[in-house]
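Enquirer: Structure supplied as query-v3.txt; contents: compact mmCIF, C-alpha atoms.
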# COMPACT_ATOMS: atom_id res chain seq x y z
CA MET A 49 -14.53 -20.88 26.17
CA LYS A 50 -11.58 -21.90 28.29
CA ARG A 51 -9.79 -23.03 25.20
CA ALA A 52 -10.55 -19.77 23.42
CA LEU A 53 -9.13 -17.88 26.36
CA ALA A 54 -5.98 -19.99 26.33
CA VAL A 55 -5.55 -19.30 22.64
CA ALA A 56 -6.08 -15.59 23.22
CA LEU A 57 -3.49 -15.59 26.02
CA LEU A 58 -1.04 -17.48 23.87
CA ALA A 59 -1.57 -15.00 21.05
CA ALA A 60 -0.98 -12.14 23.46
CA ALA A 61 2.18 -13.77 24.78
CA VAL A 62 3.48 -14.27 21.25
CA SER A 63 2.82 -10.69 20.21
CA ALA A 64 4.34 -9.31 23.40
CA ALA A 65 7.55 -11.30 23.02
CA PRO A 66 10.24 -9.39 21.09
CA LEU A 67 10.12 -10.56 17.50
CA ALA A 68 13.14 -12.42 16.31
CA GLN A 69 12.82 -10.54 13.03
CA GLU A 70 12.26 -6.82 13.46
CA ARG A 71 12.32 -4.68 10.39
CA GLY A 72 14.12 -1.37 10.32
CA ILE A 73 10.96 0.60 9.52
CA PRO A 74 7.90 -0.46 11.53
CA ARG A 75 4.61 -1.27 9.78
CA ASP A 76 2.89 2.00 10.63
CA ARG A 77 5.71 4.04 9.13
CA LEU A 78 6.05 2.03 5.90
CA ARG A 79 5.58 4.23 2.82
CA SER A 80 5.48 2.96 -0.71
CA GLY A 81 7.68 4.78 -3.22
CA SER A 82 4.56 6.44 -4.63
CA ALA A 83 4.17 8.39 -1.36
CA PHE A 84 7.38 10.24 -2.24
CA LEU A 85 6.17 11.27 -5.70
CA GLY A 86 4.58 14.57 -6.60
CA LYS A 87 0.89 14.84 -7.34
CA ASP A 88 1.43 14.65 -11.11
CA LEU A 89 3.33 11.38 -11.02
CA ARG A 90 0.94 9.80 -8.53
CA GLY A 91 -1.84 10.78 -10.92
CA LEU A 92 0.07 9.30 -13.87
CA GLN A 93 0.51 5.99 -12.04
CA ALA A 94 -3.15 5.91 -11.00
CA ASP A 95 -4.43 6.59 -14.53
CA ASP A 96 -4.56 3.18 -16.18
CA PHE A 97 -4.61 4.73 -19.59
CA ALA A 98 -1.90 7.37 -19.30
CA ASN A 99 0.44 5.21 -17.16
CA PRO A 100 3.11 4.36 -19.75
CA GLY A 101 3.87 1.09 -17.95
CA MET A 102 0.51 -0.18 -19.16
CA LEU A 103 1.98 -0.41 -22.68
CA TRP A 104 4.25 -3.16 -21.35
CA VAL A 105 1.38 -4.79 -19.50
CA GLU A 106 -0.61 -4.85 -22.73
CA ARG A 107 2.31 -6.34 -24.62
CA GLY A 108 2.71 -8.88 -21.80
CA GLU A 109 -0.88 -9.99 -22.27
CA LYS A 110 -0.12 -10.78 -25.91
CA ILE A 111 2.86 -12.90 -24.83
CA TRP A 112 0.65 -14.63 -22.25
CA ARG A 113 -1.74 -15.76 -25.01
CA GLU A 114 0.85 -16.54 -27.70
CA PRO A 115 1.92 -20.17 -28.16
CA ALA A 116 5.69 -20.51 -27.68
CA GLY A 117 8.44 -23.12 -27.72
CA SER A 118 8.59 -26.71 -28.95
CA GLY A 119 5.24 -27.57 -27.39
CA ALA A 120 3.58 -24.53 -29.04
CA ARG A 121 1.88 -23.90 -25.75
CA ALA A 122 0.92 -20.48 -24.39
CA CYS A 123 1.03 -19.42 -20.75
CA ALA A 124 -2.75 -19.21 -21.01
CA GLY A 125 -2.85 -22.85 -22.18
CA CYS A 126 -2.00 -24.03 -18.65
CA HIS A 127 -2.83 -21.06 -16.46
CA GLY A 128 -6.00 -19.83 -18.18
CA GLU A 129 -7.05 -16.29 -17.42
CA ALA A 130 -4.25 -14.46 -15.62
CA ALA A 131 -6.74 -12.21 -13.81
CA THR A 132 -7.75 -15.19 -11.65
CA SER A 133 -4.84 -17.63 -11.86
CA MET A 134 -2.11 -15.02 -11.29
CA ARG A 135 -3.93 -12.93 -8.69
CA GLY A 136 -1.67 -12.57 -5.66
CA ILE A 137 1.18 -14.64 -7.13
CA ALA A 138 3.69 -11.83 -7.64
CA ALA A 139 3.16 -10.69 -4.05
CA ARG A 140 4.78 -13.93 -2.85
CA TYR A 141 8.00 -13.60 -4.90
CA PRO A 142 10.96 -14.13 -4.70
CA SER A 143 10.20 -17.69 -3.74
CA LEU A 144 11.98 -21.03 -3.57
CA ASP A 145 11.49 -23.36 -6.50
CA PRO A 146 10.54 -26.70 -4.93
CA GLN A 147 12.09 -28.70 -7.82
CA SER A 148 15.53 -27.11 -8.00
CA GLY A 149 15.69 -25.57 -4.54
CA ARG A 150 16.78 -22.31 -6.16
CA LEU A 151 15.47 -18.92 -5.15
CA LEU A 152 13.56 -17.41 -8.06
CA ASP A 153 12.21 -13.94 -8.58
CA LEU A 154 9.21 -13.49 -10.86
CA GLU A 155 11.44 -13.10 -13.92
CA GLY A 156 13.30 -16.28 -12.99
CA ARG A 157 10.04 -18.17 -12.42
CA ILE A 158 8.72 -17.12 -15.83
CA ASN A 159 11.93 -18.26 -17.54
CA ALA A 160 11.95 -21.54 -15.56
CA CYS A 161 8.35 -22.12 -16.65
CA ARG A 162 9.27 -21.40 -20.27
CA ALA A 163 12.06 -23.97 -20.13
CA ALA A 164 10.15 -26.69 -18.26
CA HIS A 165 6.67 -26.43 -19.71
CA GLN A 166 6.94 -24.63 -23.03
CA GLY A 167 10.30 -25.92 -24.23
CA ALA A 168 11.14 -22.33 -25.09
CA ALA A 169 14.37 -20.35 -24.78
CA PRO A 170 14.51 -18.05 -21.75
CA PHE A 171 13.95 -14.36 -22.33
CA ASP A 172 17.04 -12.24 -21.72
CA TYR A 173 17.20 -10.12 -18.59
CA GLU A 174 15.86 -6.66 -19.25
CA SER A 175 14.54 -7.65 -22.68
CA GLU A 176 11.26 -6.05 -23.69
CA ASN A 177 9.63 -9.49 -23.69
CA LEU A 178 10.70 -10.41 -20.16
CA LEU A 179 9.78 -6.98 -18.81
CA SER A 180 6.39 -7.12 -20.52
CA ILE A 181 5.34 -10.58 -19.35
CA THR A 182 6.65 -9.89 -15.84
CA ALA A 183 4.79 -6.59 -15.70
CA TYR A 184 1.64 -8.33 -16.93
CA VAL A 185 1.82 -11.11 -14.34
CA ALA A 186 2.73 -8.73 -11.50
CA HIS A 187 -0.05 -6.34 -12.53
CA GLN A 188 -2.60 -9.08 -11.73
CA SER A 189 -1.60 -8.75 -8.06
CA ARG A 190 -2.09 -5.00 -7.90
CA GLY A 191 -3.41 -4.08 -4.45
CA VAL A 192 -2.41 -7.42 -2.90
CA PRO A 193 -0.07 -6.93 0.08
CA VAL A 194 3.52 -8.11 -0.43
CA ALA A 195 4.00 -11.34 1.55
CA ALA A 196 7.19 -13.19 0.60
CA GLY A 197 7.97 -16.20 2.80
CA ILE A 198 11.33 -16.49 4.56
CA GLU A 199 10.79 -19.84 6.28
CA GLY A 200 12.74 -23.05 5.77
CA GLN A 201 15.34 -23.00 3.03
CA ALA A 202 14.46 -19.41 2.15
CA LYS A 203 15.85 -18.29 5.49
CA ARG A 204 19.43 -18.64 4.29
CA HIS A 205 18.74 -16.39 1.30
CA PHE A 206 16.93 -13.93 3.52
CA GLU A 207 19.86 -13.71 5.95
CA SER A 208 22.35 -13.18 3.15
CA GLY A 209 20.08 -10.51 1.62
CA ARG A 210 19.89 -8.75 4.96
CA THR A 211 23.65 -8.83 5.33
CA TYR A 212 24.03 -7.34 1.86
CA TYR A 213 21.52 -4.62 2.75
CA TYR A 214 23.33 -3.47 5.88
CA GLU A 215 26.89 -3.85 4.53
CA ARG A 216 28.81 -0.74 3.54
CA ARG A 217 30.09 -0.88 -0.03
CA GLY A 218 31.47 1.19 -2.87
CA GLN A 219 33.63 4.28 -2.93
CA MET A 220 30.97 6.18 -0.99
CA ASN A 221 31.12 3.49 1.69
CA LEU A 222 27.35 3.45 2.13
CA SER A 223 24.93 0.64 2.89
CA CYS A 224 21.37 0.58 1.56
CA ALA A 225 20.20 1.45 5.08
CA HIS A 226 22.16 4.69 5.22
CA CYS A 227 19.77 6.23 2.72
CA HIS A 228 16.63 4.15 2.86
CA GLU A 229 16.29 3.51 6.59
CA ALA A 230 18.21 6.31 8.32
CA ASN A 231 17.41 9.18 5.96
CA TRP A 232 14.21 8.47 4.03
CA GLY A 233 12.02 11.50 3.57
CA LYS A 234 15.02 13.84 3.41
CA ARG A 235 16.34 15.47 0.25
CA LEU A 236 19.23 14.29 -1.86
CA LEU A 237 19.69 17.24 -4.26
CA SER A 238 16.30 17.58 -5.92
CA GLU A 239 15.05 14.14 -4.95
CA THR A 240 13.28 12.92 -1.85
CA ILE A 241 14.88 9.73 -0.55
CA SER A 242 12.33 6.91 -0.51
CA GLN A 243 12.28 3.88 1.73
CA GLY A 244 13.41 1.76 -1.21
CA HIS A 245 10.54 -0.71 -1.51
CA PRO A 246 10.21 -3.15 -4.40
CA ASN A 247 6.39 -3.26 -4.63
CA ALA A 248 5.97 -1.29 -7.88
CA TYR A 249 8.42 -3.22 -10.08
CA PRO A 250 8.73 -3.70 -12.98
CA ALA A 251 8.18 0.05 -12.98
CA TYR A 252 8.30 2.88 -15.50
CA ARG A 253 11.08 5.22 -14.52
CA LEU A 254 11.18 8.68 -16.05
CA GLU A 255 14.97 8.62 -15.87
CA TRP A 256 15.01 5.50 -18.01
CA GLN A 257 12.11 6.56 -20.23
CA THR A 258 11.11 2.92 -20.15
CA VAL A 259 10.05 0.07 -17.91
CA GLY A 260 12.82 -1.62 -15.94
CA SER A 261 13.19 -4.47 -13.48
CA LEU A 262 13.95 -4.27 -9.79
CA GLN A 263 17.45 -5.53 -10.56
CA ARG A 264 18.01 -2.63 -12.92
CA ARG A 265 16.96 -0.31 -10.11
CA LEU A 266 19.35 -2.04 -7.69
CA ARG A 267 22.16 -1.63 -10.20
CA ALA A 268 21.31 2.07 -10.50
CA CYS A 269 21.62 2.40 -6.70
CA LEU A 270 24.96 0.55 -6.73
CA SER A 271 26.24 2.78 -9.48
CA GLY A 272 25.06 5.79 -7.45
CA ILE A 273 27.21 4.80 -4.48
CA ARG A 274 30.05 3.86 -6.86
CA ALA A 275 29.96 0.21 -5.91
CA GLU A 276 30.66 -2.80 -8.07
CA MET A 277 27.59 -3.94 -10.01
CA GLN A 278 26.85 -7.63 -10.26
CA PRO A 279 25.58 -9.03 -13.54
CA TYR A 280 21.81 -9.48 -13.95
CA GLY A 281 20.53 -12.59 -12.20
CA ALA A 282 23.40 -12.67 -9.67
CA PRO A 283 22.54 -14.51 -6.43
CA GLU A 284 23.29 -11.33 -4.43
CA TYR A 285 20.40 -9.57 -6.16
CA LEU A 286 17.98 -12.45 -5.60
CA ASP A 287 18.78 -12.62 -1.89
CA LEU A 288 18.46 -8.86 -1.64
CA GLU A 289 15.14 -8.96 -3.50
CA LEU A 290 13.86 -11.44 -0.91
CA PHE A 291 15.02 -9.25 1.95
CA LEU A 292 13.40 -6.21 0.33
CA ALA A 293 10.11 -8.07 -0.14
CA TRP A 294 10.15 -9.13 3.52
CA ARG A 295 10.97 -5.60 4.55
CA ALA A 296 8.04 -4.27 2.48
CA ARG A 297 5.53 -6.92 3.55
CA GLY A 298 2.10 -5.42 3.88
CA LEU A 299 2.57 -2.78 1.18
CA PRO A 300 0.31 -3.30 -1.83
CA VAL A 301 1.75 -4.36 -5.20
CA GLU A 302 1.54 -1.35 -7.55
CA THR A 303 2.95 -2.76 -10.81
CA PRO A 304 3.36 -1.00 -13.15
CA GLY A 305 4.52 1.80 -10.88
CA VAL A 306 5.73 5.16 -12.13
CA ARG A 307 8.91 6.43 -10.54
CA ARG A 308 11.25 9.36 -11.09
CA MET B 704 5.06 -0.93 -31.49
CA VAL B 705 2.18 -1.15 -29.04
CA ALA B 706 -0.27 1.72 -28.95
CA ARG B 707 -3.27 2.31 -26.77
CA LEU B 708 -6.28 4.31 -27.81
CA GLN B 709 -9.07 5.68 -25.66
CA ILE B 710 -12.16 7.01 -27.38
CA PRO B 711 -15.71 6.87 -26.04
CA LYS B 712 -17.69 4.01 -27.63
CA GLU B 713 -20.80 6.14 -27.67
CA ALA B 714 -21.60 9.84 -27.49
CA ARG B 715 -24.52 12.22 -27.79
CA ARG B 716 -24.66 14.30 -30.96
CA GLY B 717 -22.87 17.61 -30.41
CA ALA B 718 -21.03 16.39 -27.30
CA LEU B 719 -17.38 17.25 -26.73
CA ILE B 720 -15.39 14.03 -26.67
CA GLU B 721 -11.87 13.34 -25.43
CA LEU B 722 -9.47 11.26 -27.53
CA ARG B 723 -6.30 9.87 -25.98
CA ILE B 724 -3.46 7.88 -27.46
CA VAL B 725 -0.20 6.48 -26.02
CA ILE B 726 2.39 4.99 -28.37
CA GLN B 727 5.29 2.81 -27.22
CA HIS B 728 8.29 4.45 -28.86
CA PRO B 729 11.84 5.28 -27.67
CA MET B 730 11.79 8.84 -29.15
CA GLU B 731 15.55 8.61 -29.47
CA THR B 732 16.81 12.19 -29.61
CA GLY B 733 19.93 11.73 -31.73
CA TYR B 734 21.94 13.56 -29.08
CA ARG B 735 22.92 10.49 -27.07
CA HIS B 736 25.96 8.23 -27.40
CA ASP B 737 26.37 4.54 -26.70
CA GLU B 738 29.05 3.01 -24.43
CA ILE B 739 31.80 3.37 -27.00
CA GLY B 740 30.94 6.87 -28.03
CA ARG B 741 28.99 6.31 -31.24
CA VAL B 742 26.02 8.59 -31.78
CA ILE B 743 22.71 6.78 -31.39
CA ALA B 744 20.76 7.68 -34.51
CA ARG B 745 17.78 9.91 -34.05
CA ASN B 746 14.49 8.08 -34.20
CA VAL B 747 11.39 9.97 -33.21
CA ILE B 748 7.81 9.83 -34.36
CA THR B 749 7.72 12.81 -36.68
CA SER B 750 4.07 12.97 -37.55
CA LEU B 751 0.77 11.73 -36.20
CA VAL B 752 -2.53 12.21 -37.98
CA CYS B 753 -6.04 11.44 -36.81
CA LYS B 754 -8.77 11.08 -39.42
CA PHE B 755 -12.47 10.64 -38.95
CA ASP B 756 -13.98 8.69 -41.83
CA GLY B 757 -11.12 9.88 -44.00
CA ALA B 758 -11.28 13.55 -43.02
CA GLU B 759 -8.34 14.89 -41.03
CA VAL B 760 -9.38 16.13 -37.58
CA PHE B 761 -6.02 16.41 -35.85
CA ARG B 762 -2.36 16.52 -36.82
CA ALA B 763 0.76 16.74 -34.70
CA GLU B 764 4.37 17.24 -35.74
CA LEU B 765 6.56 15.67 -33.05
CA SER B 766 10.23 16.40 -32.37
CA PRO B 767 13.08 15.10 -30.19
CA GLY B 768 11.95 17.35 -27.34
CA ILE B 769 9.06 14.99 -26.69
CA ALA B 770 9.59 12.21 -24.16
CA ALA B 771 9.57 8.50 -24.96
CA ASN B 772 6.19 6.78 -25.29
CA PRO B 773 4.36 9.94 -26.32
CA TYR B 774 0.93 10.57 -24.91
CA LEU B 775 -1.47 12.84 -26.79
CA GLN B 776 -4.89 14.02 -25.81
CA PHE B 777 -7.29 16.26 -27.67
CA TYR B 778 -10.97 16.99 -28.07
CA THR B 779 -13.42 17.01 -30.90
CA VAL B 780 -17.17 17.31 -31.33
CA ALA B 781 -19.15 14.14 -32.01
CA GLU B 782 -21.26 14.85 -35.04
CA ALA B 783 -21.92 11.44 -36.59
CA SER B 784 -21.16 7.77 -36.11
CA GLY B 785 -17.96 6.68 -37.77
CA GLU B 786 -14.40 5.55 -37.38
CA PHE B 787 -11.36 7.37 -36.02
CA GLU B 788 -8.08 6.30 -37.54
CA PHE B 789 -4.73 7.30 -36.08
CA ALA B 790 -1.59 6.88 -38.18
CA TRP B 791 1.98 7.84 -37.40
CA ILE B 792 5.46 7.45 -38.82
CA ASP B 793 8.95 7.65 -37.31
CA ASP B 794 12.41 8.59 -38.63
CA GLN B 795 13.10 4.98 -39.64
CA GLY B 796 9.98 5.01 -41.77
CA LYS B 797 8.14 2.64 -39.47
CA GLN B 798 4.43 3.24 -39.58
CA GLY B 799 1.79 2.44 -37.06
CA SER B 800 -1.94 2.81 -36.91
CA GLU B 801 -4.92 2.22 -34.67
CA ARG B 802 -8.60 2.59 -35.36
CA GLN B 803 -11.79 2.64 -33.37
CA SER B 804 -15.43 3.42 -34.09
CA ILE B 805 -17.83 5.63 -32.25
CA VAL B 806 -21.63 5.49 -32.24
CA VAL B 807 -23.28 8.92 -32.07
CA ARG B 808 -26.92 9.07 -31.00
Would you write out, as structure tokens, the structure that this file holds?

Expert:
Amino acid sequence: MKRALAVALLAAAVSAAPLAQERGIPRDRLRSGSAFLGKDLRGLQADDFANPGMLWVERGEKIWREPAGSGARACAGCHGEAATSMRGIAARYPSLDPQSGRLLDLEGRINACRAAHQGAAPFDYESENLLSITAYVAHQSRGVPVAAGIEGQAKRHFESGRTYYYERRGQMNLSCAHCHEANWGKRLLSETISQGHPNAYPAYRLEWQTVGSLQRRLRACLSGIRAEMQPYGAPEYLDLELFLAWRARGLPVETPGVRR
Amino acid sequence: MVARLQIPKEARRGALIELRIVIQHPMETGYRHDEIGRVIARNVITSLVCKFDGAEVFRAELSPGIAANPYLQFYTVAEASGEFEFAWIDDQGKQGSERQSIVVR
């Protein structure tokens, strides 16, 4: 009893102390991108048949079961049924690869797995194959709250992602926070500015008429503020992806999301 | 070309049934240009036909005004058990098809 009380007091002390890591938008005000969509698009995302992103998920399932590479081994050969083995996995990415010490997003993890365990060539960034298998794996975590870890070696990537997020850049001289933290919910021409969360990616964007990765979305934002775009897979994007995941922690994974 | 089909597996005789199909297709309009200014050739699904045991029950002529990954939905009356077959073709001559049976009681 005494011990339980001590633990309770300790817990209270911890929660009362100012957190070393505060996020710009507190938990109770976090809104997924879907909250900024109209009724039609929310309905389209919720309808597992009409949601066009499900075409990529279906194609991803084929890739999951298809033997590939020199070992002629399929993803399913090691991981079995994705519905159980991949449940909750995407919610923890980007994540550090214990072998190489590199920060990997889900796309990077899939390609690393292809190289190490299948003896297969990596899929190109933004290729239909990589988008499909990533969408399929991420889809297995739908509803699971985003919970990327920023402890240990990941901390460095997190800090650099945070710096990137709050830095002004481009001819418009804007940081990510100028739109997505200071002005979310307001209008930018015909669009409502979202909080810029990554929990629905890979997502089907009407503007693209196809499924795209989070990095493609980041590049679209950079182009919008007339800033220099990094190539796909650049470390800046990975660090930023980690910061975004941390910032969105608690929001459910929605892949494949539908976005304007 | 992935396509998804949604048709009830079973239906009562005389019931109105909903048929839905989504086809993964770029529906390239022919009005766009690539980075160096060349016209991207038009490539849209031009025609989609649905047959029930060989008899045509639905036909659609599609055009560049229709968005990528077209979604179509229509209704028909379940009169007998049989097979629905969807077939479509695009500007490049690529054909696709999907089929599914229904049991009518």

Enquirer: Could you give me, as number ranges by chain, the residues that have an atom at most 9 Å away from the point (-20.4, 7.2, -25.3) in the coordinates of the file, using all atoms listed in the file?

Expert: B: 710-715, 720, 805-808

Enquirer: Tell me which of A:Gly108, A:Gly86, A:Gly81, A:Pro146 sits closest to chain B, counting all atoms listed in the file.

Expert: A:Gly108

Enquirer: In Å to one decimal, how far is atom CA of Pro729 of chain B from atom CA of Ile158 of chain A?

Expert: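 Straight-line distance from atom CA of Ile158 of chain A to atom CA of Pro729 of chain B works out to 25.5 Å.
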
Enquirer: Do me a favour and pick out the residues of chain B within 9 Å of chain A, using all atoms listed in the file, as a list of chain:residue names.

Expert: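 Applying the cut-off to the listed atoms yields B:Val705, B:Ala706, B:Arg707, B:Leu708, B:Gln709, B:Arg723, B:Ile724, B:Val725, B:Ile726, B:Gln727, B:Pro729, B:Ala770, B:Ala771, B:Asn772, B:Pro773, B:Tyr774.
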
Enquirer: Would you work out the distance separating atom CA of Asp88 of chain A from atom CA of Glu239 of chain A, expressed in Å to one decimal?

Expert: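 Here the two named atoms are 15.0 Å from each other.
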
Enquirer: Please return as a PDB file with C-alpha atoms, in the coordinates of the input every residue within 9 Å of (11.8, 0.3, 9.7), taking into account all atoms listed in the file and the file's own coordinates.

Expert:
ATOM      1  CA  GLU A  70      12.260  -6.820  13.460  1.00  0.00           C
ATOM      2  CA  ARG A  71      12.320  -4.680  10.390  1.00  0.00           C
ATOM      3  CA  GLY A  72      14.120  -1.370  10.320  1.00  0.00           C
ATOM      4  CA  ILE A  73      10.960   0.600   9.520  1.00  0.00           C
ATOM      5  CA  PRO A  74       7.900  -0.460  11.530  1.00  0.00           C
ATOM      6  CA  ARG A  75       4.610  -1.270   9.780  1.00  0.00           C
ATOM      7  CA  ARG A  77       5.710   4.040   9.130  1.00  0.00           C
ATOM      8  CA  LEU A  78       6.050   2.030   5.900  1.00  0.00           C
ATOM      9  CA  GLU A 229      16.290   3.510   6.590  1.00  0.00           C
ATOM     10  CA  ALA A 230      18.210   6.310   8.320  1.00  0.00           C
ATOM     11  CA  GLN A 243      12.280   3.880   1.730  1.00  0.00           C
ATOM     12  CA  ARG A 295      10.970  -5.600   4.550  1.00  0.00           C
TER      13      ARG A 295
END

Enquirer: If we count only C-alpha atoms and set the cut-off at 10 Å, which residues sit around Gly785 of chain B, ignoring sequence neighbours fewer than 3 positions away in its own chain? Please answer as a PyMOL selection string.

Expert: chain B and resi 755-757+781-782+788+803-807

Enquirer: Take the selection from the previous step and output its residues with C-alpha atoms, as a compact mmCIF listing (two decimals), keeping the file's coordinate frame.

Expert:
# COMPACT_ATOMS: atom_id res chain seq x y z
CA PHE B 755 -12.47 10.64 -38.95
CA ASP B 756 -13.98 8.69 -41.83
CA GLY B 757 -11.12 9.88 -44.00
CA ALA B 781 -19.15 14.14 -32.01
CA GLU B 782 -21.26 14.85 -35.04
CA GLU B 788 -8.08 6.30 -37.54
CA GLN B 803 -11.79 2.64 -33.37
CA SER B 804 -15.43 3.42 -34.09
CA ILE B 805 -17.83 5.63 -32.25
CA VAL B 806 -21.63 5.49 -32.24
CA VAL B 807 -23.28 8.92 -32.07

Enquirer: Please report the interatomic distance between atom CA of Gly167 of chain A and atom CA of Tyr184 of chain A in Å with one decimal.

Expert: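 That distance, rounded to one decimal, is 20.9 Å.
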
Enquirer: Write out as number ranges by chain the residues lying within 7 Å of Arg140 of chain A, counting all atoms listed in the file and excluding same-chain residues fewer than 4 positions away.

Expert: A: 194-197

Enquirer: For Gln93 of chain A, work out the shell of residues within 8 Å, counting all atoms listed in the file and skipping chain neighbours fewer than 6 positions away, then give it as number ranges by chain.

Expert: A: 99, 304-306

Enquirer: Do a neighbour search on Arg802 of chain B at 8 Å with only C-alpha atoms, toss out local chain neighbours closer than 4 positions, and write the hits as a ChimeraX atom specification.

Expert: /B:786-789

Enquirer: Pick out the residues sitting within 8 Å of Leu144 of chain A, and hand them over as a count of residues only; count all atoms listed in the file, and ignore anything fewer than 3 positions along from it in its own chain.

Expert: 6

Enquirer: Ranking B:Ile792, B:Val742, B:Ala718, B:Ile748 by minimum distance to Ile769 of chain B and counting all atoms listed in the file, which one comes first?

Expert: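 Closest to Ile769 of chain B of all the choices is B:Ile748.
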
Enquirer: Just checking: using all atoms listed in the file, which residue out of A:Arg235, A:Val259, A:Gly281, A:Pro300 ends up closest to His728 of chain B?

Expert: A:Val259

Enquirer: Under the rule that only C-alpha atoms are counted, which of A:Arg265, A:Arg157, A:Arg210, A:Arg297 is the nearest residue to Arg79 of chain A?

Expert: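 Once distances to Arg79 of chain A are computed over only C-alpha atoms, the minimum belongs to A:Arg297.
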